[in-house]
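Chemist: Sharing target.txt below, compact mmCIF, C-alpha atoms and all ligand atoms:
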# COMPACT_ATOMS: atom_id res chain seq x y z
CA MET V 1 84.20 55.19 143.66
CA ASN V 2 82.70 51.85 144.63
CA LYS V 3 83.13 49.00 142.27
CA GLU V 4 79.95 47.68 140.76
CA LEU V 5 78.87 44.41 142.33
CA THR V 6 78.28 41.39 140.18
CA TYR V 7 74.84 41.08 138.68
CA GLN V 8 74.06 37.95 140.67
CA ALA V 9 75.00 39.53 143.98
CA ARG V 10 72.95 42.65 143.28
CA MET V 11 69.94 40.55 142.28
CA ALA V 12 69.94 38.28 145.35
CA TRP V 13 67.40 40.24 147.44
CA PHE V 14 65.16 40.69 144.40
CA HIS V 15 64.91 36.93 143.87
CA GLU V 16 64.21 36.33 147.52
CA ALA V 17 61.47 38.96 147.48
CA ARG V 18 59.20 37.78 144.61
CA PHE V 19 56.33 40.06 145.70
CA GLY V 20 56.33 43.87 145.85
CA MET V 21 53.94 46.78 146.19
CA PHE V 22 53.74 49.42 143.47
CA ILE V 23 52.28 52.71 144.73
CA HIS V 24 50.86 55.23 142.28
CA PHE V 25 50.15 58.38 144.23
CA GLY V 26 50.05 61.99 143.15
CA LEU V 27 47.78 64.94 142.34
CA TYR V 28 45.75 62.65 140.09
CA ALA V 29 44.22 61.12 143.23
CA LEU V 30 42.05 64.26 143.40
CA PRO V 31 40.31 64.19 139.99
CA ALA V 32 40.24 60.45 140.70
CA CYS V 33 40.11 58.99 137.22
CA GLY V 34 43.51 57.35 137.04
CA GLU V 35 47.08 58.63 136.72
CA TRP V 36 46.63 59.75 133.10
CA SER V 37 43.88 62.17 134.16
CA MET V 38 45.68 65.40 133.21
CA PHE V 39 46.32 64.21 129.68
CA LEU V 40 43.04 62.35 129.19
CA ALA V 41 40.96 65.35 130.25
CA ARG V 42 43.33 67.76 128.48
CA THR V 43 43.42 69.83 131.66
CA PRO V 44 45.45 73.00 131.07
CA LEU V 45 48.55 73.13 133.24
CA ALA V 46 47.49 76.29 135.08
CA GLU V 47 44.33 74.51 136.18
CA TYR V 48 45.88 71.13 136.99
CA GLU V 49 48.57 72.78 139.10
CA LYS V 50 45.90 74.14 141.44
CA LEU V 51 45.30 70.61 142.67
CA ALA V 52 48.48 71.04 144.68
CA ASP V 53 46.62 73.54 146.89
CA GLN V 54 44.24 70.78 147.97
CA PHE V 55 46.68 67.91 148.12
CA GLN V 56 46.98 67.16 151.84
CA PRO V 57 47.05 63.42 152.44
CA ALA V 58 46.58 62.05 155.95
CA ALA V 59 49.58 62.12 158.27
CA ASP V 60 49.71 58.34 158.61
CA CYS V 61 49.15 57.43 154.94
CA VAL V 62 52.72 56.32 154.23
CA SER V 63 52.92 54.11 157.31
CA GLN V 64 49.58 52.56 156.29
CA TRP V 65 50.95 51.63 152.87
CA ILE V 66 53.92 49.89 154.39
CA GLU V 67 51.86 48.13 157.02
CA THR V 68 49.59 46.80 154.29
CA ALA V 69 52.59 45.73 152.20
CA LYS V 70 53.94 43.84 155.20
CA ASN V 71 50.60 42.14 155.85
CA ALA V 72 50.32 41.19 152.20
CA GLY V 73 53.67 39.39 152.37
CA MET V 74 55.37 41.93 150.11
CA LYS V 75 59.11 42.40 150.48
CA TYR V 76 59.68 45.63 148.56
CA ALA V 77 57.78 48.71 147.51
CA VAL V 78 58.09 51.16 144.63
CA LEU V 79 56.70 54.68 144.97
CA THR V 80 56.03 57.15 142.15
CA ALA V 81 58.44 59.89 143.21
CA ARG V 82 57.24 61.66 140.08
CA HIS V 83 54.77 60.54 137.43
CA HIS V 84 54.06 61.94 133.95
CA ASP V 85 52.36 65.06 135.38
CA GLY V 86 55.71 66.21 136.76
CA PHE V 87 54.53 66.70 140.34
CA CYS V 88 57.24 65.58 142.76
CA LEU V 89 56.42 63.74 145.97
CA TYR V 90 59.74 64.91 147.36
CA ASP V 91 61.79 68.03 147.98
CA SER V 92 63.50 68.78 144.69
CA ALA V 93 66.12 71.45 144.18
CA TYR V 94 65.08 71.60 140.54
CA SER V 95 61.34 72.14 140.89
CA ASP V 96 58.91 73.94 143.19
CA TYR V 97 56.12 71.74 141.92
CA SER V 98 56.36 69.28 144.79
CA THR V 99 54.70 68.09 147.98
CA SER V 100 57.38 69.89 149.98
CA LYS V 101 56.72 73.32 148.54
CA THR V 102 52.92 73.22 148.30
CA ALA V 103 50.01 72.65 150.71
CA CYS V 104 51.14 69.16 151.68
CA GLY V 105 54.40 70.48 153.14
CA ARG V 106 55.95 67.03 153.43
CA ASP V 107 58.60 64.97 151.68
CA LEU V 108 56.68 61.77 151.02
CA VAL V 109 59.66 60.02 149.46
CA ARG V 110 61.64 60.55 152.66
CA GLU V 111 58.73 59.28 154.77
CA PHE V 112 58.48 56.31 152.45
CA CYS V 113 62.18 55.44 152.67
CA THR V 114 62.11 55.70 156.45
CA ALA V 115 58.97 53.57 156.81
CA CYS V 116 60.27 50.90 154.42
CA ARG V 117 63.59 50.57 156.17
CA ALA V 118 61.95 50.37 159.60
CA ALA V 119 59.76 47.53 158.33
CA GLY V 120 62.50 45.63 156.46
CA ILE V 121 60.95 46.45 153.10
CA ARG V 122 63.31 47.17 150.19
CA VAL V 123 63.07 50.65 148.72
CA GLY V 124 62.13 51.29 145.09
CA ILE V 125 61.80 54.67 143.39
CA TYR V 126 59.66 55.16 140.29
CA TYR V 127 60.58 58.14 138.14
CA SER V 128 58.89 59.19 134.90
CA LEU V 129 61.54 60.45 132.51
CA MET V 130 59.04 62.50 130.55
CA ASP V 131 56.95 65.32 131.92
CA TRP V 132 53.77 66.51 130.21
CA ARG V 133 54.37 70.11 131.32
CA PHE V 134 57.07 70.48 128.67
CA PRO V 135 55.73 71.29 125.18
CA GLY V 136 58.97 69.75 123.90
CA TYR V 137 57.69 66.34 125.01
CA PHE V 138 54.95 66.63 122.37
CA ASN V 139 56.74 68.83 119.79
CA TYR V 140 60.02 67.00 120.18
CA LYS V 141 60.99 67.62 116.56
CA THR V 142 60.42 71.36 116.61
CA ASP V 143 60.83 72.50 120.21
CA GLN V 144 64.41 71.50 120.96
CA ASP V 145 64.84 74.00 123.80
CA SER V 146 61.97 72.55 125.79
CA LEU V 147 63.05 69.00 125.04
CA ILE V 148 66.57 69.73 126.27
CA ALA V 149 65.20 71.42 129.42
CA MET V 150 63.05 68.37 130.16
CA LYS V 151 66.01 66.06 129.72
CA LYS V 152 68.20 68.19 131.96
CA GLN V 153 65.53 68.21 134.66
CA CYS V 154 65.37 64.42 134.41
CA HIS V 155 69.13 63.94 134.85
CA ASP V 156 69.23 66.43 137.72
CA GLN V 157 66.28 64.91 139.53
CA VAL V 158 67.42 61.32 139.15
CA GLN V 159 70.76 62.37 140.52
CA GLU V 160 69.24 64.07 143.57
CA LEU V 161 66.93 61.12 144.25
CA MET V 162 69.95 58.84 144.15
CA SER V 163 71.94 61.19 146.42
CA ASN V 164 69.57 62.40 149.15
CA TYR V 165 67.69 59.35 150.40
CA GLY V 166 70.28 56.82 151.48
CA ARG V 167 70.39 53.41 149.92
CA ILE V 168 67.87 52.87 147.11
CA ASP V 169 67.40 49.25 146.10
CA LEU V 170 65.49 49.64 142.84
CA LEU V 171 65.18 52.42 140.28
CA TRP V 172 62.02 52.12 138.21
CA TYR V 173 62.08 54.33 135.13
CA ASP V 174 59.01 54.83 132.99
CA GLY V 175 57.80 57.07 130.19
CA CYS V 176 60.88 57.09 127.99
CA TRP V 177 58.92 57.72 124.81
CA LEU V 178 58.25 61.14 123.29
CA ASN V 179 54.77 62.27 122.26
CA HIS V 180 53.53 58.73 123.06
CA GLU V 181 55.40 57.42 120.02
CA PRO V 182 56.76 53.95 120.74
CA ASP V 183 59.93 54.21 118.62
CA THR V 184 61.31 57.36 120.21
CA CYS V 185 62.78 55.75 123.31
CA ALA V 186 66.28 54.65 122.41
CA GLY V 187 68.75 57.50 122.65
CA ALA V 188 66.25 60.06 123.91
CA TRP V 189 67.59 60.24 127.48
CA ASP V 190 71.31 59.37 127.27
CA ALA V 191 70.40 56.44 129.48
CA ALA V 192 73.87 54.86 129.49
CA GLU V 193 75.42 58.03 130.83
CA LEU V 194 72.56 58.58 133.29
CA ASN V 195 72.81 55.07 134.67
CA GLN V 196 76.56 55.25 135.01
CA LYS V 197 75.97 58.19 137.35
CA VAL V 198 73.25 56.27 139.18
CA ARG V 199 75.48 53.24 139.71
CA SER V 200 78.34 55.33 140.98
CA LEU V 201 75.97 56.77 143.62
CA GLN V 202 74.15 53.49 144.35
CA PRO V 203 76.44 50.54 143.63
CA HIS V 204 73.88 47.97 144.85
CA ILE V 205 71.00 49.30 142.82
CA ILE V 206 68.81 47.34 140.42
CA ILE V 207 67.69 49.39 137.41
CA ASN V 208 64.81 48.48 135.12
CA ASN V 209 64.85 48.45 131.33
CA ARG V 210 62.64 51.46 130.64
CA ALA V 211 65.05 54.28 129.91
CA GLY V 212 66.21 52.91 126.58
CA THR V 213 68.87 50.47 127.82
CA GLN V 214 68.46 46.87 129.02
CA GLU V 215 70.04 47.19 132.46
CA ASP V 216 68.98 44.60 135.09
CA ILE V 217 65.35 43.60 134.72
CA ASP V 218 62.61 43.22 132.13
CA THR V 219 59.25 44.76 133.05
CA PRO V 220 56.25 43.16 131.36
CA GLU V 221 53.20 45.29 132.17
CA GLN V 222 49.78 43.81 132.98
CA VAL V 223 50.91 40.37 131.83
CA VAL V 224 53.09 37.61 133.28
CA ARG V 225 55.83 36.89 130.77
CA HIS V 226 58.85 34.79 131.81
CA SER V 227 62.21 36.07 130.59
CA GLY V 228 65.02 33.67 129.67
CA GLN V 229 67.10 31.84 132.26
CA GLY V 230 69.47 34.15 134.10
CA ARG V 231 67.65 37.38 133.26
CA GLY V 232 65.77 39.15 136.04
CA TRP V 233 62.20 40.19 135.40
CA GLU V 234 59.17 41.58 137.14
CA THR V 235 55.54 41.81 136.07
CA CYS V 236 53.79 44.96 137.19
CA MET V 237 50.02 44.86 137.37
CA THR V 238 47.00 46.77 138.62
CA ILE V 239 44.32 45.21 140.82
CA GLY V 240 41.64 47.28 139.10
CA LYS V 241 41.89 49.07 135.74
CA THR V 242 43.98 52.14 136.54
CA TRP V 243 47.24 52.66 138.40
CA GLY V 244 46.24 55.92 140.03
CA TYR V 245 43.07 56.06 142.12
CA SER V 246 39.77 56.05 140.24
CA ARG V 247 36.47 56.65 141.94
CA TYR V 248 34.67 55.57 138.77
CA ALA V 249 35.84 51.95 138.83
CA SER V 250 33.17 49.28 139.13
CA PRO V 251 33.87 46.61 141.77
CA ASP V 252 33.47 44.08 138.95
CA SER V 253 36.54 45.48 137.21
CA TYR V 254 38.88 44.36 140.00
CA LYS V 255 40.83 41.13 139.84
CA THR V 256 39.89 38.56 142.45
CA SER V 257 42.33 37.44 145.13
CA GLY V 258 42.44 34.07 143.39
CA GLU V 259 43.60 35.70 140.16
CA LEU V 260 46.25 37.70 141.99
CA ILE V 261 47.55 34.56 143.73
CA HIS V 262 47.66 32.78 140.40
CA HIS V 263 49.74 35.60 138.83
CA LEU V 264 52.11 35.61 141.80
CA VAL V 265 52.64 31.86 141.54
CA ASP V 266 53.06 32.10 137.75
CA ALA V 267 55.78 34.72 138.23
CA ALA V 268 57.50 32.68 140.95
CA SER V 269 57.44 29.59 138.73
CA GLY V 270 59.52 31.49 136.16
CA GLU V 271 61.94 33.04 138.66
CA GLY V 272 60.26 36.41 138.34
CA ASN V 273 58.61 38.94 140.62
CA TYR V 274 55.10 40.32 140.90
CA LEU V 275 54.84 44.04 141.52
CA LEU V 276 51.21 44.60 142.41
CA ASN V 277 49.87 48.13 142.37
CA VAL V 278 47.77 50.18 144.75
CA GLY V 279 46.35 53.61 143.98
CA PRO V 280 45.78 55.50 147.25
CA ASP V 281 42.85 57.94 147.33
CA GLN V 282 43.07 61.69 147.98
CA ASN V 283 43.71 61.04 151.69
CA GLY V 284 46.51 58.72 150.77
CA TYR V 285 44.60 55.64 151.86
CA ILE V 286 44.56 52.43 149.87
CA PRO V 287 40.99 51.86 148.65
CA ALA V 288 39.15 49.26 150.74
CA ILE V 289 38.66 46.85 147.83
CA GLU V 290 42.40 46.83 147.02
CA LYS V 291 43.34 46.40 150.65
CA GLU V 292 40.93 43.51 151.05
CA ARG V 293 42.43 41.74 148.02
CA LEU V 294 45.98 42.25 149.28
CA LEU V 295 45.21 40.96 152.76
CA THR V 296 43.66 37.81 151.29
CA VAL V 297 46.79 37.24 149.23
CA GLY V 298 48.76 37.86 152.43
CA GLN V 299 46.81 35.13 154.24
CA TRP V 300 47.63 32.71 151.44
CA ILE V 301 51.34 33.61 151.44
CA LYS V 302 51.53 33.18 155.18
CA ARG V 303 50.81 29.49 154.66
CA TYR V 304 52.59 28.87 151.37
CA GLY V 305 55.33 31.50 151.28
CA ALA V 306 57.99 28.77 151.46
CA SER V 307 57.00 27.84 147.90
CA ILE V 308 57.25 31.44 146.62
CA TYR V 309 60.11 33.39 148.20
CA ASN V 310 63.47 32.73 146.54
CA SER V 311 61.81 30.34 144.11
CA LYS V 312 63.74 28.86 141.23
CA ARG V 313 62.61 27.25 138.03
CA ALA V 314 61.76 23.59 138.56
CA ASP V 315 62.85 22.81 135.00
CA LEU V 316 59.81 20.56 134.64
CA LYS V 317 56.94 20.94 132.24
CA ASN V 318 53.99 22.55 133.97
CA PRO V 319 51.04 20.20 134.38
CA PHE V 320 47.72 21.13 132.86
CA PHE V 321 46.24 21.71 136.31
CA GLY V 322 48.85 24.06 137.66
CA MET V 323 52.51 25.02 137.95
CA TRP V 324 55.79 24.01 139.53
CA THR V 325 57.98 26.11 141.76
CA ARG V 326 61.18 24.97 143.44
CA VAL V 327 62.99 26.25 146.50
CA GLY V 328 66.20 24.44 147.40
CA GLU V 329 65.53 20.70 147.47
CA TYR V 330 61.77 21.11 147.60
CA TYR V 331 59.51 20.99 144.56
CA TYR V 332 56.11 22.57 144.95
CA LEU V 333 53.19 21.51 142.89
CA GLN V 334 50.83 24.47 142.70
CA VAL V 335 47.44 22.96 142.06
CA LYS V 336 45.12 25.46 140.49
CA LEU V 337 42.49 23.03 139.18
CA TRP V 338 41.33 20.53 141.76
CA CYS V 339 39.60 17.40 140.47
CA GLY V 340 38.65 15.36 143.50
CA ARG V 341 40.70 12.62 145.10
CA SER V 342 43.02 11.69 142.25
CA LEU V 343 45.76 13.76 140.67
CA PRO V 344 48.01 12.20 137.98
CA LEU V 345 51.19 14.12 137.12
CA PRO V 346 52.86 14.59 133.76
CA LEU V 347 55.35 11.79 133.15
CA LEU V 348 58.67 12.29 134.88
CA ASP V 349 61.68 10.35 136.08
CA GLY V 350 62.17 10.68 139.79
CA GLU V 351 61.07 8.81 142.86
CA VAL V 352 59.26 10.71 145.58
CA ALA V 353 60.83 10.65 149.02
CA GLU V 354 58.07 12.67 150.62
CA ALA V 355 54.88 14.46 149.61
CA VAL V 356 52.93 16.81 151.87
CA LEU V 357 49.66 18.58 151.26
CA MET V 358 50.57 21.93 152.76
CA ALA V 359 47.04 23.10 153.60
CA THR V 360 46.55 20.24 156.07
CA GLY V 361 50.12 19.11 156.68
CA GLU V 362 49.15 15.53 155.86
CA LYS V 363 51.61 13.21 154.16
CA LEU V 364 50.32 12.00 150.83
CA LYS V 365 50.43 8.45 149.56
CA VAL V 366 52.09 8.26 146.15
CA ASP V 367 51.16 5.65 143.54
CA TYR V 368 52.93 4.86 140.29
CA ALA V 369 51.13 3.79 137.13
CA THR V 370 52.59 1.01 134.95
CA ASN V 371 54.58 3.54 132.92
CA GLY V 372 55.85 5.12 136.13
CA ARG V 373 53.44 8.06 136.14
CA LEU V 374 53.10 9.59 139.57
CA ILE V 375 49.58 9.67 140.95
CA PHE V 376 48.19 11.07 144.14
CA SER V 377 45.08 9.02 144.71
CA ALA V 378 44.05 9.78 148.25
CA LEU V 379 43.56 13.53 148.22
CA PRO V 380 40.63 15.13 150.01
CA GLU V 381 37.56 15.23 147.80
CA GLU V 382 37.24 19.01 148.31
CA PRO V 383 40.21 21.36 147.83
CA PRO V 384 41.35 22.28 151.36
CA ASP V 385 42.53 25.73 150.28
CA PRO V 386 39.92 27.73 148.39
CA TYR V 387 42.46 29.63 146.25
CA LEU V 388 45.38 27.44 145.28
CA ASN V 389 46.65 24.26 146.87
CA VAL V 390 50.30 23.40 147.24
CA ILE V 391 51.86 19.93 147.45
CA ARG V 392 55.43 19.91 148.69
CA LEU V 393 57.59 17.18 147.23
CA LYS V 394 61.03 15.88 147.92
CA PHE V 395 62.53 13.56 145.30
CA LYS V 396 65.21 10.94 145.76
CA GLN V 397 66.88 12.12 142.55
CA THR V 398 66.51 15.35 140.58
CA PRO V 399 63.27 14.84 138.64
CA ARG V 400 63.32 15.11 134.86
CA ASP V 401 60.54 15.19 132.31
CA ARG V 402 60.18 11.92 130.42
CA PRO V 403 58.56 11.99 126.96
CA GLU V 404 55.48 9.79 126.68
CA THR V 405 56.15 6.89 124.33
CA ASP V 406 52.41 6.37 124.01
CA PRO V 407 50.51 9.53 125.00
CA ALA V 408 47.22 7.66 124.47
CA ALA V 409 48.02 4.77 126.84
CA TRP V 410 45.91 6.24 129.62
CA LEU V 411 42.77 5.81 127.45
CA LEU V 412 43.10 2.05 127.96
CA GLY V 413 43.70 2.46 131.65
CA LYS V 414 47.45 1.96 131.34
CA ALA V 415 49.34 4.89 132.82
O1 LIG V 501 52.71 54.20 135.59
C1 LIG V 501 51.84 53.30 134.97
C2 LIG V 501 51.25 53.88 133.74
O2 LIG V 501 50.76 55.19 133.92
C3 LIG V 501 52.43 53.86 132.81
N1 LIG V 501 53.19 52.69 133.21
C4 LIG V 501 52.57 52.13 134.36
C5 LIG V 501 53.56 51.47 135.26
C6 LIG V 501 51.96 53.79 131.47
N2 LIG V 501 52.04 54.75 130.66
N3 LIG V 501 51.53 54.37 129.55
N4 LIG V 501 51.11 53.18 129.67
C7 LIG V 501 51.36 52.75 130.86
C8 LIG V 501 50.50 52.42 128.62
C9 LIG V 501 50.39 53.30 127.47
C10 LIG V 501 51.07 52.98 126.42
C11 LIG V 501 50.91 53.78 125.27
FE1 LIG V 501 52.46 53.90 124.14
C12 LIG V 501 51.18 55.13 125.16
C13 LIG V 501 50.55 53.24 124.05
C14 LIG V 501 50.76 54.26 123.11
C15 LIG V 501 51.13 55.41 123.81
C16 LIG V 501 54.05 53.29 125.23
C17 LIG V 501 54.35 54.44 124.54
C18 LIG V 501 53.75 52.33 124.29
C19 LIG V 501 53.87 52.91 123.09
C20 LIG V 501 54.25 54.19 123.24
Re-express the file's structure as structure tokens.
Modeler:
Amino acid sequence: MNKELTYQARMAWFHEARFGMFIHFGLYALPACGEWSMFLARTPLAEYEKLADQFQPAADCVSQWIETAKNAGMKYAVLTARHHDGFCLYDSAYSDYSTSKTACGRDLVREFCTACRAAGIRVGIYYSLMDWRFPGYFNYKTDQDSLIAMKKQCHDQVQELMSNYGRIDLLWYDGCWLNHEPDTCAGAWDAAELNQKVRSLQPHIIINNRAGTQEDIDTPEQVVRHSGQGRGWETCMTIGKTWGYSRYASPDSYKTSGELIHHLVDAASGEGNYLLNVGPDQNGYIPAIEKERLLTVGQWIKRYGASIYNSKRADLKNPFFGMWTRVGEYYYLQVKLWCGRSLPLPLLDGEVAEAVLMATGEKLKVDYATNGRLIFSALPEEPPDPYLNVIRLKFKQTPRDRPETDPAAWLLGKA
């Protein structure tokens, strides 16, 4: 058996990546009201299952996802191999309720793994521990047999996913609770034992914290929340309201590209990742509005990716107008709020060796106020980048925050 690699070594690619694509795809793309459709509509199983007869996504859907991920500047992707409805997007020995054994006739997880690897995208597998088809999920106190059967299916399927698809970089558990009760997670799935099996099959793998044990990464959902130094984390987020495709979503309910860029930069500033979701439609195609947002983010990253990939904490207080990221010796000031030609920084110790406005490539003149405050005073009047502007700085010494002895001094024009 392979020895487990050190945490740091296993996490290296994840920190380089910073931006990933979450893909929520399954039968729920047909009723088209989000991935919780079966439960929300209380669709009886016998009826919901019939969706599999019509589920025949386009032949090139998987390659389209990965092409879009590439163009968006994403470095990994996570596909719902199975969501809460229990329908597998792969060929399972433990279930006939799968793309392989119904109308689709394809193993989408295999296609996904192949496409990712060909494109240099890291491979992530999402697996919902719970499965609504088991009454024991709901009646977990009274229907032990069903509960045990669901748990066995989970262990068997995780094991086959970790055995049959080559190297998997990230295992993304979800749905560890029972009957939607938040306190039922710990202990419900024998996660320690399950993950020991996973790691023996996939020694490089990164496992998330959603099976009842902490494992490798925290997973704040729909919010950017920085974990403590040294702990890996990743914010997952939708562009619209639902994870699975919804044809009822108003265009107004989608985040703008500017908001998405801001979240990505926020994550990068705290040494975390941004896993941004797409919900392909019944043909397996990413909805036009989501694709458009992703490609705009991709355009931005093309210019400023050096400030995002492999970013570290700058260990400086964020200014009111934006955020810091750091990559190697470079500090990047991410300017969200532009205010014309002048930009004073929070007080810090550190002399600037070089400052470059990345949008134009121009070197910036740096002034120092009487208390040493750094000021850019010859910026363009209008923000050159419409979304978020980046100033790349090199300091002569490692910069450190300096407390303001008189925080009101600027009122009198000093500092
Ligand atoms: O796959 C996407 C969603 O379908 C899934 N996670 C993302 C990645 C998800 N399932 N549920 N939720 C998201 C939010 C719902 C949470 C609640 Fe609860 C269910 C609130 C109450 C019941 C979770 C379980 C929090 C408390 C118990």
Chemist: As a PyMOL selection string, please: the residues near segment 390-402 of chain V (cut-off 7 Å, all atoms listed in the file, same-chain neighbours under 4 positions excluded).
Modeler: chain V and resi 316-317+329-335+347-358
Chemist: Counting only C-alpha atoms, which of V:Gly270, V:Pro182, V:Pro386, V:Gly284 gets nearest to Met323 of chain V?
Modeler: V:Gly270
Chemist: Which one is closest to His204 of chain V: V:Arg225, V:Lys336, V:His155, V:Arg122? Count only C-alpha atoms.
Modeler: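 Comparing V:Arg225, V:Lys336, V:His155, V:Arg122 against His204 of chain V, the winner is V:Arg122.
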Chemist: Using all atoms listed in the file, can you tell me which of V:Asp145, V:Asp131, V:Asp281, V:Asp107 comes closest to ligand LIG 501 (chain V)?
Modeler: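 For ligand LIG 501 (chain V), the nearest of the candidates is V:Asp131.
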Chemist: For the interface of chain V with ligand LIG 501 (chain V) (cut-off 10 Å, counting only C-alpha atoms and all ligand atoms), please tabulate each contacting residue of chain V alongside its nearest pair of atoms and their separation in Å to one decimal, rows sorted by chain and increasing number, as a tab-separated table.
Modeler:
residue	atom	partner	partner_atom	distance
V:Phe22	CA	V:LIG501	C5	8.5
V:Ile23	CA	V:LIG501	O1	9.3
V:His24	CA	V:LIG501	O1	7.0
V:Phe25	CA	V:LIG501	O1	9.9
V:Gly34	CA	V:LIG501	O2	8.2
V:Glu35	CA	V:LIG501	O2	5.8
V:Trp36	CA	V:LIG501	O2	6.2
V:Ser37	CA	V:LIG501	O2	9.8
V:Thr80	CA	V:LIG501	O1	7.9
V:Arg82	CA	V:LIG501	O1	9.8
V:His83	CA	V:LIG501	O1	6.9
V:His84	CA	V:LIG501	O2	7.5
V:Tyr126	CA	V:LIG501	O1	8.4
V:Tyr127	CA	V:LIG501	O1	9.2
V:Ser128	CA	V:LIG501	O1	8.0
V:Trp172	CA	V:LIG501	C5	9.0
V:Tyr173	CA	V:LIG501	C5	9.0
V:Asp174	CA	V:LIG501	N1	6.2
V:Gly175	CA	V:LIG501	N2	6.2
V:Cys176	CA	V:LIG501	C17	7.8
V:Trp177	CA	V:LIG501	C17	5.6
V:Leu178	CA	V:LIG501	C17	7.9
V:Asn179	CA	V:LIG501	C15	7.9
V:His180	CA	V:LIG501	C15	4.2
V:Glu181	CA	V:LIG501	C20	4.7
V:Pro182	CA	V:LIG501	C20	3.6
V:Asp183	CA	V:LIG501	C20	7.3
V:Thr184	CA	V:LIG501	C20	8.3
V:Cys185	CA	V:LIG501	C17	8.6
V:Arg210	CA	V:LIG501	N1	9.9
V:Thr219	CA	V:LIG501	C5	9.1
V:Pro220	CA	V:LIG501	C5	9.6
V:Glu221	CA	V:LIG501	C5	6.9
V:Gln222	CA	V:LIG501	C5	8.8
V:Thr235	CA	V:LIG501	C5	9.9
V:Cys236	CA	V:LIG501	C5	6.8
V:Met237	CA	V:LIG501	C5	7.8
V:Thr238	CA	V:LIG501	C5	8.7
V:Thr242	CA	V:LIG501	O2	7.9
V:Trp243	CA	V:LIG501	C1	5.8
V:Gly244	CA	V:LIG501	O2	7.6
V:Leu275	CA	V:LIG501	C5	9.8
V:Asn277	CA	V:LIG501	C5	8.7
Chemist: Could you produce a table of the residues of segment 280-389 of chain V lying within 9 Å of segment 252-256 of chain V, with the nearest pair of atoms per residue and their separation in Å rounded to one decimal, using only C-alpha atoms, ordered by chain and increasing residue number, as a Markdown table?
Modeler:
| residue | atom | partner | partner_atom | distance |
| --- | --- | --- | --- | --- |
| V:Ile289 | CA | V:Tyr254 | CA | 8.2 |
| V:Glu290 | CA | V:Tyr254 | CA | 8.2 |
| V:Arg293 | CA | V:Thr256 | CA | 6.9 |
Chemist: Can you measure atom CA of Glu16 of chain V to atom CA of Tyr309 of chain V for me? One decimal in Å is fine.
Modeler: 5.1 Å
Chemist: From the set V:Pro203, V:Pro319, V:Gly298, V:Gly258, which residue has the shortest atom-to-atom contact distance to Leu171 of chain V, counting only C-alpha atoms?
Modeler: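 Using only C-alpha atoms, the shortest distance to Leu171 of chain V belongs to V:Pro203.
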Chemist: Atom CA of Tyr28 of chain V to atom CA of Trp132 of chain V: how many Å, to one decimal?
Modeler: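 Between atom CA of Tyr28 of chain V and atom CA of Trp132 of chain V the gap works out to 13.3 Å.
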Chemist: Measuring atom to atom with all atoms listed in the file, identify which of V:Asp91, V:Ala149, V:Tyr285, V:Tyr48 is nearest to Ile66 of chain V.
Modeler: V:Tyr285
Chemist: Identify which of the residues V:Arg42, V:Lys363, V:Lys152, V:Arg231 lies closest to Ile217 of chain V, counting all atoms listed in the file when measuring atom-to-atom distances.
Modeler: V:Arg231
Chemist: What does the distance between atom CA of Tyr165 of chain V and atom CA of Ala115 of chain V come to in Å, to one decimal place?
Modeler: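 Between these atoms lies a distance of 12.3 Å.
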Chemist: I'd like the contact shell of Val123 of chain V - 6 Å cut-off, all atoms listed in the file, skipping same-chain residues fewer than 5 positions apart - returned as a list in words.
Modeler: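 With the cut-off at 6 Å, the set is Ala77, Ile168 and Asp169 of chain V.
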Chemist: So that I can check the surroundings of Phe87 of chain V, please list as a list of chain:residue names every protein, DNA and RNA residue that reaches within 9 Å of it, counting only C-alpha atoms and ignoring chain neighbours fewer than 4 positions away.
Modeler: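 Residues near the query, excluding close chain neighbours: V:Gly26, V:Leu27, V:Glu49, V:Ala52, V:Ala81, V:Arg82, V:His83, V:Ser95, V:Asp96, V:Tyr97, V:Ser98, V:Thr99, V:Asp131.
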Chemist: Please list as a list in words every residue within 12 Å of segment 406-412 of chain V, counting all atoms listed in the file and excluding residues in the same chain fewer than 6 positions away.
Modeler: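 The residues satisfying every condition are Pro344, Pro346, Leu347, Ala369, Thr370, Asn371, Gly372 and Arg373 of chain V.
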